[in-house]
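One file, run-v2.tsv, carrying TSV, C-alpha atoms:
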```tsv
chain	number	residue	atom	x	y	z
A	72	MET	CA	-10.21	12.28	-19.51
A	73	LYS	CA	-10.66	11.60	-15.81
A	74	GLU	CA	-9.26	13.93	-13.18
A	75	LYS	CA	-6.23	12.56	-11.36
A	76	ILE	CA	-6.36	12.89	-7.58
A	77	PHE	CA	-4.26	12.01	-4.55
A	78	ILE	CA	-5.27	10.21	-1.36
A	79	PHE	CA	-3.73	11.60	1.83
A	80	GLY	CA	-3.35	8.68	4.23
A	81	ALA	CA	-2.28	5.05	3.93
A	82	SER	CA	-4.21	3.13	6.58
A	83	GLY	CA	-7.29	0.95	6.87
A	84	HIS	CA	-9.57	3.95	6.36
A	85	ALA	CA	-7.70	4.78	3.17
A	86	LYS	CA	-8.51	1.31	1.80
A	87	VAL	CA	-12.22	2.08	2.07
A	88	VAL	CA	-11.81	5.50	0.44
A	89	ILE	CA	-9.78	3.99	-2.41
A	90	ASP	CA	-12.47	1.37	-2.97
A	91	ILE	CA	-15.16	4.08	-3.16
A	92	ILE	CA	-13.15	6.18	-5.64
A	93	GLU	CA	-12.57	3.12	-7.83
A	94	ARG	CA	-16.26	2.17	-7.75
A	95	GLN	CA	-17.36	5.72	-8.55
A	96	GLY	CA	-15.15	5.71	-11.61
A	97	CYS	CA	-15.08	9.50	-11.87
A	98	CYS	CA	-11.41	10.01	-10.91
A	99	ASP	CA	-8.10	8.19	-11.23
A	100	ILE	CA	-5.84	7.90	-8.18
A	101	ALA	CA	-2.39	9.15	-9.13
A	102	PHE	CA	-0.61	8.38	-5.85
A	103	LEU	CA	-0.90	8.32	-2.05
A	104	ILE	CA	0.60	10.71	0.50
A	105	ASP	CA	1.51	9.83	4.09
A	106	ASP	CA	3.73	11.68	6.57
A	107	ASP	CA	5.10	8.43	8.00
A	108	PRO	CA	8.64	8.28	6.51
A	109	ALA	CA	8.61	4.48	6.72
A	110	LEU	CA	5.88	4.40	4.06
A	111	LYS	CA	7.73	6.46	1.45
A	112	ASP	CA	8.18	4.60	-1.85
A	113	THR	CA	6.05	1.67	-0.70
A	114	GLU	CA	2.94	0.24	-2.33
A	115	PHE	CA	-0.38	0.49	-0.49
A	116	PHE	CA	-3.52	-1.20	-1.79
A	117	GLY	CA	-2.05	-1.10	-5.28
A	118	TYR	CA	-0.87	2.55	-5.25
A	119	HIS	CA	2.50	4.23	-4.80
A	120	VAL	CA	3.06	6.22	-1.60
A	121	ILE	CA	5.34	9.01	-2.85
A	122	GLY	CA	6.07	10.52	0.58
A	123	GLY	CA	4.70	13.25	2.83
A	124	LYS	CA	3.65	16.87	2.46
A	125	GLN	CA	6.82	18.01	0.73
A	126	ALA	CA	6.45	15.27	-1.88
A	127	LEU	CA	2.90	16.44	-2.54
A	128	LEU	CA	4.04	20.03	-3.02
A	129	GLU	CA	6.61	18.83	-5.55
A	130	ALA	CA	4.02	16.71	-7.40
A	131	ARG	CA	1.13	19.17	-7.39
A	132	ASP	CA	1.14	19.54	-11.18
A	133	ARG	CA	0.27	15.83	-11.50
A	134	VAL	CA	-3.09	16.09	-9.71
A	135	GLY	CA	-6.21	18.21	-9.77
A	136	GLY	CA	-7.20	17.66	-6.15
A	137	GLY	CA	-7.40	15.05	-3.44
A	138	ILE	CA	-9.13	13.64	-0.39
A	139	VAL	CA	-7.97	13.10	3.21
A	140	ALA	CA	-8.36	9.46	4.21
A	141	ILE	CA	-7.66	9.74	7.95
A	142	GLY	CA	-10.14	8.47	10.53
A	143	SER	CA	-9.15	10.77	13.41
A	144	ASN	CA	-11.22	13.96	13.31
A	145	ARG	CA	-8.42	16.09	14.71
A	146	ALA	CA	-5.74	14.74	12.35
A	147	ARG	CA	-8.08	14.91	9.34
A	148	SER	CA	-8.93	18.52	10.15
A	149	ALA	CA	-5.26	19.48	10.49
A	150	VAL	CA	-4.31	17.91	7.16
A	151	ALA	CA	-7.33	19.39	5.37
A	152	GLY	CA	-6.41	22.81	6.74
A	153	TRP	CA	-2.85	22.46	5.46
A	154	LEU	CA	-4.12	21.42	2.02
A	155	GLU	CA	-6.42	24.43	1.83
A	156	GLU	CA	-3.62	26.77	2.94
A	157	ASN	CA	-1.52	25.37	0.10
A	158	ARG	CA	-4.34	25.76	-2.42
A	159	PHE	CA	-5.13	22.11	-3.00
A	160	SER	CA	-8.75	21.42	-3.85
A	161	LEU	CA	-10.64	18.67	-2.03
A	162	VAL	CA	-12.98	16.17	-3.64
A	163	SER	CA	-15.80	14.11	-2.13
A	164	ALA	CA	-16.40	10.38	-2.43
A	165	VAL	CA	-19.85	8.73	-2.33
A	166	HIS	CA	-20.17	4.95	-2.55
A	167	PRO	CA	-22.57	3.88	-5.34
A	168	SER	CA	-24.70	1.94	-2.83
A	169	ALA	CA	-25.28	5.02	-0.64
A	170	GLN	CA	-28.73	6.61	-0.91
A	171	ILE	CA	-28.68	10.39	-1.26
A	172	GLY	CA	-32.06	12.12	-0.93
A	173	ARG	CA	-33.50	15.04	-2.81
A	174	GLY	CA	-32.00	18.38	-1.82
A	175	ALA	CA	-29.18	16.87	0.24
A	176	THR	CA	-25.81	18.62	-0.08
A	177	ILE	CA	-22.35	17.20	0.61
A	178	ASP	CA	-19.39	19.55	0.91
A	179	ALA	CA	-15.80	19.09	-0.25
A	180	GLY	CA	-13.64	16.34	1.21
A	181	THR	CA	-16.53	14.33	2.64
A	182	VAL	CA	-16.79	10.53	2.32
A	183	VAL	CA	-20.13	8.67	2.31
A	184	MET	CA	-19.60	4.93	2.65
A	185	ALA	CA	-21.42	1.81	1.55
A	186	GLY	CA	-25.06	1.45	2.54
A	187	ALA	CA	-25.34	4.90	4.12
A	188	VAL	CA	-28.62	6.83	3.81
A	189	VAL	CA	-28.61	10.62	3.58
A	190	ASN	CA	-32.21	11.78	3.36
A	191	ALA	CA	-33.91	14.89	1.96
A	192	ASP	CA	-32.49	18.34	2.64
A	193	VAL	CA	-29.60	17.13	4.80
A	194	ARG	CA	-26.58	19.45	4.87
A	195	ILE	CA	-23.17	17.82	5.38
A	196	GLY	CA	-20.06	19.95	5.88
A	197	LYS	CA	-16.45	19.56	4.81
A	198	ASN	CA	-14.22	16.54	5.50
A	199	VAL	CA	-16.99	14.53	7.15
A	200	ILE	CA	-17.13	10.72	7.36
A	201	ILE	CA	-20.58	9.16	7.00
A	202	ASN	CA	-19.60	5.57	7.66
A	203	SER	CA	-21.09	2.26	6.51
A	204	ARG	CA	-24.87	1.88	7.03
A	205	ALA	CA	-25.20	5.17	8.90
A	206	SER	CA	-28.62	6.83	8.49
A	207	ILE	CA	-29.00	10.62	8.43
A	208	ASP	CA	-32.66	11.59	8.25
A	209	HIS	CA	-34.31	14.68	6.79
A	210	ASP	CA	-33.12	18.21	7.57
A	211	CYS	CA	-30.11	17.18	9.67
A	212	ARG	CA	-27.14	19.54	9.75
A	213	ILE	CA	-23.70	17.97	10.08
A	214	GLY	CA	-20.75	20.29	10.77
A	215	ASP	CA	-17.23	20.06	9.36
A	216	THR	CA	-14.90	17.18	10.28
A	217	VAL	CA	-17.60	15.09	11.97
A	218	HIS	CA	-17.43	11.27	11.99
A	219	ILE	CA	-20.73	9.37	12.03
A	220	ALA	CA	-19.61	5.79	12.67
A	221	PRO	CA	-21.11	2.58	11.21
A	222	GLY	CA	-24.73	1.78	11.97
A	223	SER	CA	-25.57	5.08	13.66
A	224	THR	CA	-28.99	6.69	13.22
A	225	LEU	CA	-29.67	10.42	13.33
A	226	CYS	CA	-33.40	11.03	13.29
A	227	GLY	CA	-34.87	14.12	11.64
A	228	THR	CA	-33.65	17.67	12.25
A	229	VAL	CA	-30.59	16.77	14.31
A	230	THR	CA	-27.68	19.24	14.37
A	231	VAL	CA	-24.13	18.01	14.96
A	232	GLY	CA	-21.30	20.48	15.62
A	233	THR	CA	-17.79	20.57	14.21
A	234	GLY	CA	-15.36	17.79	15.13
A	235	THR	CA	-17.88	15.55	16.90
A	236	PHE	CA	-17.48	11.75	16.90
A	237	VAL	CA	-20.70	9.72	16.92
A	238	CYS	CA	-19.51	6.18	17.64
A	239	ALA	CA	-20.94	2.97	16.18
A	240	GLY	CA	-24.58	2.12	16.68
A	241	VAL	CA	-25.66	5.41	18.25
A	242	THR	CA	-29.28	6.61	17.99
A	243	ILE	CA	-30.08	10.32	18.30
A	244	ILE	CA	-33.78	11.17	18.55
A	245	PRO	CA	-35.28	14.01	16.49
A	246	ASN	CA	-34.78	17.75	16.95
A	247	LEU	CA	-31.66	17.57	19.14
A	248	ALA	CA	-28.54	19.75	19.02
A	249	ILE	CA	-25.22	17.97	19.53
A	250	GLY	CA	-22.36	20.42	20.17
A	251	SER	CA	-18.87	20.63	18.73
A	252	ASN	CA	-16.08	18.22	19.76
A	253	VAL	CA	-18.52	15.86	21.45
A	254	ILE	CA	-17.91	12.10	21.77
A	255	ILE	CA	-20.98	9.84	21.94
A	256	GLY	CA	-20.12	6.31	23.07
A	257	ALA	CA	-20.98	3.27	20.99
A	258	GLY	CA	-24.56	2.00	21.25
A	259	SER	CA	-25.84	5.07	23.08
A	260	THR	CA	-29.33	6.53	22.77
A	261	VAL	CA	-29.28	10.33	22.94
A	262	LYS	CA	-32.51	11.91	24.19
A	263	LYS	CA	-31.28	15.38	25.25
A	264	HIS	CA	-29.20	18.18	23.77
A	265	VAL	CA	-25.44	17.72	24.32
A	266	PRO	CA	-23.27	20.85	24.89
A	267	ASP	CA	-19.85	21.38	23.33
A	268	GLY	CA	-16.93	19.25	24.47
A	269	MET	CA	-18.90	16.57	26.35
A	270	THR	CA	-18.33	12.81	26.35
A	271	VAL	CA	-21.63	10.97	26.80
A	272	ALA	CA	-22.63	7.31	26.75
A	273	GLY	CA	-25.43	4.96	27.71
A	274	SER	CA	-29.12	4.48	27.01
A	275	PRO	CA	-30.24	7.10	27.74
A	276	ALA	CA	-26.88	8.84	27.26
A	277	LYS	CA	-25.38	10.51	30.33
A	278	VAL	CA	-22.33	12.76	30.72
A	279	LEU	CA	-19.12	10.84	31.45
A	280	LYS	CA	-16.64	13.66	30.96
A	281	ARG	CA	-16.77	17.40	30.53
```
In structure tokens, what does this structure look like?
Amino acid sequence: MKEKIFIFGASGHAKVVIDIIERQGCCDIAFLIDDDPALKDTEFFGYHVIGGKQALLEARDRVGGGIVAIGSNRARSAVAGWLEENRFSLVSAVHPSAQIGRGATIDAGTVVMAGAVVNADVRIGKNVIINSRASIDHDCRIGDTVHIAPGSTLCGTVTVGTGTFVCAGVTIIPNLAIGSNVIIGAGSTVKKHVPDGMTVAGSPAKVLKR
């Protein structure tokens, strides 16, 4: 019998996560959770939204775990933290078309989307989004609650800190360290280390905001 899980979030990102779970076929989605009161008792992508956090607490005996389907790093981190505090387990979702290399590890709550490549000995933390067609090469280290957006390329041995957002189409050359809570603008080419908290963009990427 398949484990029943919940999806926390009822937005466009949740549609993609639902599709991955359905294609994996390893879990059944019992219901959705969203803190927007307007969504309570509505249907979203074929599933019942039962309400917000309180509804989840009341229905915890119906599920074995769940996944946070929220695109915002900060919001996803906050919800994941609340779930852990309330002893809910988190599951990961990997699209069947994603390529996962030998020795790669993916922590709880992480989503790897269609066409993504995660190469040998990559380490991916909790509640990360590896979006469509992103490429993570060998020995990269991706911290918790990072979002690697569609079409981005991380060359070998790149480190990315907690909460960082790598926007669409970014290229990061090998052996670089990207700090925590960094934003890298779409289409940028990163050729130098980026300290914590910076916003950078361009080709080559330059600091826009500290």
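Comparing A:Asp132, A:Asp208, A:Glu74, A:Asp267 by their smallest distance to A:Gly96, the closest is A:Glu74 (using all atoms listed in the file).
The smallest atom-to-atom distance between A:Asn252 and any of A:Met269, A:Leu127, A:Cys97, A:Val189, using only C-alpha atoms, is found for A:Met269.
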Selected residue of minimal separation from A:Arg194 among A:Phe159, A:His166, A:Gly135, A:Thr230, counting only C-alpha atoms = A:Thr230
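Residue neighbourhood of A:Ile89, excluding near-sequence residues (fewer than 4 positions): Phe77, Ile78, Ala81, His84, Ala85, Glu93, Arg94, Gln95, Asp99, Ile100, Leu103, Phe116, Gly117, Tyr118, Ile138, Ala140 and Ala164 of chain A, at 10 Å, using all atoms listed in the file.
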Can you write out as JSON lines which residues of stretch 75-144 of chain A fall within 10 Å of stretch 153-156 of chain A, alongside each residue's closest atom pair and its distance in Å to one decimal, counting all atoms listed in the file and ordering rows by chain and ascending residue number?
```
{"residue": "A:Phe79", "atom": "CA", "partner": "A:Leu154", "partner_atom": "CA", "distance": 9.8}
{"residue": "A:Lys124", "atom": "CA", "partner": "A:Leu154", "partner_atom": "CA", "distance": 9.0}
{"residue": "A:Leu127", "atom": "CA", "partner": "A:Leu154", "partner_atom": "CA", "distance": 9.7}
{"residue": "A:Leu128", "atom": "CA", "partner": "A:Leu154", "partner_atom": "CA", "distance": 9.7}
{"residue": "A:Gly136", "atom": "CA", "partner": "A:Leu154", "partner_atom": "CA", "distance": 9.5}
{"residue": "A:Gly137", "atom": "CA", "partner": "A:Leu154", "partner_atom": "CA", "distance": 9.0}
{"residue": "A:Ile138", "atom": "CA", "partner": "A:Leu154", "partner_atom": "CA", "distance": 9.6}
{"residue": "A:Val139", "atom": "CA", "partner": "A:Leu154", "partner_atom": "CA", "distance": 9.2}
```
message = Quick check, in Å to one decimal: how far apart do atom CA of A:Ala109 and atom CA of A:Lys86 lie?
response = 18.1 Å
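Checking A:Gly250, A:Gly268, A:Gly196, A:Gly222 one by one against A:Ala179, counting all atoms listed in the file, you find the shortest gap at A:Gly196.
What separates atom CA of A:Ser168 from atom CA of A:Ser206 is a distance of 12.9 Å.
Across the structure, atom CA of A:Thr216 and atom CA of A:Gly232 are spaced 9.0 Å apart.
Within the 8 Å cut-off around A:Phe236, using only C-alpha atoms and omitting residues fewer than 5 positions from it on the same chain, the listed residues are A:Asn144, A:Val217, A:His218, A:Ile219, A:Ala220, A:Asn252, A:Val253, A:Ile254, A:Ile255.
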Generate a file of the selected residues that holds C-alpha atoms, formatted as a compact mmCIF listing (two decimals), keeping the file's coordinate frame.
```txt
# COMPACT_ATOMS: atom_id res chain seq x y z
CA ASN A 144 -11.22 13.96 13.31
CA VAL A 217 -17.60 15.09 11.97
CA HIS A 218 -17.43 11.27 11.99
CA ILE A 219 -20.73 9.37 12.03
CA ALA A 220 -19.61 5.79 12.67
CA ASN A 252 -16.08 18.22 19.76
CA VAL A 253 -18.52 15.86 21.45
CA ILE A 254 -17.91 12.10 21.77
CA ILE A 255 -20.98 9.84 21.94
```
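Remark: for A:Val188, the closest of the candidate residues A:Ala272, A:Leu161, A:Leu225, A:Ala146 is A:Leu225 (distances computed over only C-alpha atoms).
Among A:Ala126, A:Ala248, A:Val150, A:Val88, the residue with the shortest atom-to-atom distance to A:Thr181, counting all atoms listed in the file, is A:Val88.
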Taking all atoms of stretch 91-101 of chain A that appear in the file, build a box with edges along x, y and z, extend it by 3 Å on every side, and state its centre and edge lengths in Å to one decimal, as AutoDock Vina command-line options.
```
--center_x -9.9 --center_y 6.1 --center_z -7.5 --size_x 21.0 --size_y 13.8 --size_z 14.7
```
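Neighbourhood of point (-27.9, 19.1, 17.8): residues with an atom at most 10 Å away, counting all atoms listed in the file, are Cys211, Arg212, Ile213, Leu225, Thr228, Val229, Thr230, Val231, Gly232, Ile243, Ile244, Pro245, Asn246, Leu247, Ala248, Ile249, Gly250, Ser251, Lys263, His264, Val265 and Pro266 of chain A.
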Complete the atoms of stretch 163-198 of chain A to N, CA and C atoms and put them out as an mmCIF file, in the frame of the given file.
```
data_model
loop_
_atom_site.group_PDB
_atom_site.id
_atom_site.type_symbol
_atom_site.label_atom_id
_atom_site.label_comp_id
_atom_site.auth_asym_id
_atom_site.auth_seq_id
_atom_site.Cartn_x
_atom_site.Cartn_y
_atom_site.Cartn_z
ATOM 1 N N SER A 163 -14.983 14.988 -2.962
ATOM 2 C CA SER A 163 -15.800 14.110 -2.130
ATOM 3 C C SER A 163 -15.893 12.731 -2.765
ATOM 4 N N ALA A 164 -16.256 11.745 -1.949
ATOM 5 C CA ALA A 164 -16.400 10.380 -2.430
ATOM 6 C C ALA A 164 -17.687 9.791 -1.864
ATOM 7 N N VAL A 165 -18.562 9.312 -2.740
ATOM 8 C CA VAL A 165 -19.850 8.730 -2.330
ATOM 9 C C VAL A 165 -19.954 7.335 -2.923
ATOM 10 N N HIS A 166 -20.062 6.332 -2.069
ATOM 11 C CA HIS A 166 -20.170 4.950 -2.550
ATOM 12 C C HIS A 166 -21.446 4.783 -3.378
ATOM 13 N N PRO A 167 -21.387 4.040 -4.484
ATOM 14 C CA PRO A 167 -22.570 3.880 -5.340
ATOM 15 C C PRO A 167 -23.786 3.269 -4.636
ATOM 16 N N SER A 168 -23.559 2.534 -3.541
ATOM 17 C CA SER A 168 -24.700 1.940 -2.830
ATOM 18 C C SER A 168 -25.315 2.874 -1.804
ATOM 19 N N ALA A 169 -24.697 4.032 -1.557
ATOM 20 C CA ALA A 169 -25.280 5.020 -0.640
ATOM 21 C C ALA A 169 -26.517 5.647 -1.277
ATOM 22 N N GLN A 170 -27.489 5.987 -0.450
ATOM 23 C CA GLN A 170 -28.730 6.610 -0.910
ATOM 24 C C GLN A 170 -28.718 8.081 -0.514
ATOM 25 N N ILE A 171 -28.728 8.958 -1.501
ATOM 26 C CA ILE A 171 -28.680 10.390 -1.260
ATOM 27 C C ILE A 171 -30.011 11.010 -1.664
ATOM 28 N N GLY A 172 -30.711 11.615 -0.698
ATOM 29 C CA GLY A 172 -32.060 12.120 -0.930
ATOM 30 C C GLY A 172 -32.088 13.447 -1.653
ATOM 31 N N ARG A 173 -33.268 13.791 -2.088
ATOM 32 C CA ARG A 173 -33.500 15.040 -2.810
ATOM 33 C C ARG A 173 -33.119 16.244 -1.929
ATOM 34 N N GLY A 174 -32.369 17.155 -2.509
ATOM 35 C CA GLY A 174 -32.000 18.380 -1.820
ATOM 36 C C GLY A 174 -30.852 18.255 -0.852
ATOM 37 N N ALA A 175 -30.318 17.048 -0.658
ATOM 38 C CA ALA A 175 -29.180 16.870 0.240
ATOM 39 C C ALA A 175 -27.924 17.461 -0.391
ATOM 40 N N THR A 176 -27.067 18.076 0.417
ATOM 41 C CA THR A 176 -25.810 18.620 -0.080
ATOM 42 C C THR A 176 -24.643 18.067 0.733
ATOM 43 N N ILE A 177 -23.548 17.798 0.024
ATOM 44 C CA ILE A 177 -22.350 17.200 0.610
ATOM 45 C C ILE A 177 -21.176 18.070 0.219
ATOM 46 N N ASP A 178 -20.466 18.612 1.200
ATOM 47 C CA ASP A 178 -19.390 19.550 0.910
ATOM 48 C C ASP A 178 -18.078 18.828 0.593
ATOM 49 N N ALA A 179 -17.079 19.613 0.227
ATOM 50 C CA ALA A 179 -15.800 19.090 -0.250
ATOM 51 C C ALA A 179 -15.097 18.243 0.803
ATOM 52 N N GLY A 180 -14.448 17.174 0.345
ATOM 53 C CA GLY A 180 -13.640 16.340 1.210
ATOM 54 C C GLY A 180 -14.392 15.294 2.004
ATOM 55 N N THR A 181 -15.710 15.254 1.855
ATOM 56 C CA THR A 181 -16.530 14.330 2.640
ATOM 57 C C THR A 181 -16.616 12.961 1.966
ATOM 58 N N VAL A 182 -16.670 11.911 2.800
ATOM 59 C CA VAL A 182 -16.790 10.530 2.320
ATOM 60 C C VAL A 182 -18.095 9.941 2.851
ATOM 61 N N VAL A 183 -18.898 9.380 1.943
ATOM 62 C CA VAL A 183 -20.130 8.670 2.310
ATOM 63 C C VAL A 183 -19.938 7.214 1.901
ATOM 64 N N MET A 184 -20.004 6.323 2.875
ATOM 65 C CA MET A 184 -19.600 4.930 2.650
ATOM 66 C C MET A 184 -20.780 4.030 2.293
ATOM 67 N N ALA A 185 -20.449 2.781 2.073
ATOM 68 C CA ALA A 185 -21.420 1.810 1.550
ATOM 69 C C ALA A 185 -22.638 1.678 2.450
ATOM 70 N N GLY A 186 -23.814 1.686 1.830
ATOM 71 C CA GLY A 186 -25.060 1.450 2.540
ATOM 72 C C GLY A 186 -25.574 2.609 3.361
ATOM 73 N N ALA A 187 -24.879 3.745 3.355
ATOM 74 C CA ALA A 187 -25.340 4.900 4.120
ATOM 75 C C ALA A 187 -26.577 5.509 3.455
ATOM 76 N N VAL A 188 -27.426 6.137 4.294
ATOM 77 C CA VAL A 188 -28.620 6.830 3.810
ATOM 78 C C VAL A 188 -28.539 8.282 4.260
ATOM 79 N N VAL A 189 -28.595 9.184 3.308
ATOM 80 C CA VAL A 189 -28.610 10.620 3.580
ATOM 81 C C VAL A 189 -29.905 11.151 2.993
ATOM 82 N N ASN A 190 -30.862 11.477 3.842
ATOM 83 C CA ASN A 190 -32.210 11.780 3.360
ATOM 84 C C ASN A 190 -32.390 13.248 2.960
ATOM 85 N N ALA A 191 -33.605 13.604 2.605
ATOM 86 C CA ALA A 191 -33.910 14.890 1.960
ATOM 87 C C ALA A 191 -33.467 16.081 2.793
ATOM 88 N N ASP A 192 -32.875 17.044 2.091
ATOM 89 C CA ASP A 192 -32.490 18.340 2.640
ATOM 90 C C ASP A 192 -31.490 18.263 3.798
ATOM 91 N N VAL A 193 -30.711 17.203 3.848
ATOM 92 C CA VAL A 193 -29.600 17.130 4.800
ATOM 93 C C VAL A 193 -28.459 18.005 4.282
ATOM 94 N N ARG A 194 -27.750 18.652 5.213
ATOM 95 C CA ARG A 194 -26.580 19.450 4.870
ATOM 96 C C ARG A 194 -25.373 18.847 5.595
ATOM 97 N N ILE A 195 -24.378 18.424 4.814
ATOM 98 C CA ILE A 195 -23.170 17.820 5.380
ATOM 99 C C ILE A 195 -21.979 18.696 5.041
ATOM 100 N N GLY A 196 -21.178 19.033 6.046
ATOM 101 C CA GLY A 196 -20.060 19.950 5.880
ATOM 102 C C GLY A 196 -18.842 19.321 5.233
ATOM 103 N N LYS A 197 -17.696 19.980 5.415
ATOM 104 C CA LYS A 197 -16.450 19.560 4.810
ATOM 105 C C LYS A 197 -15.768 18.458 5.620
ATOM 106 N N ASN A 198 -15.114 17.547 4.899
ATOM 107 C CA ASN A 198 -14.220 16.540 5.500
ATOM 108 C C ASN A 198 -14.933 15.694 6.554
#
```
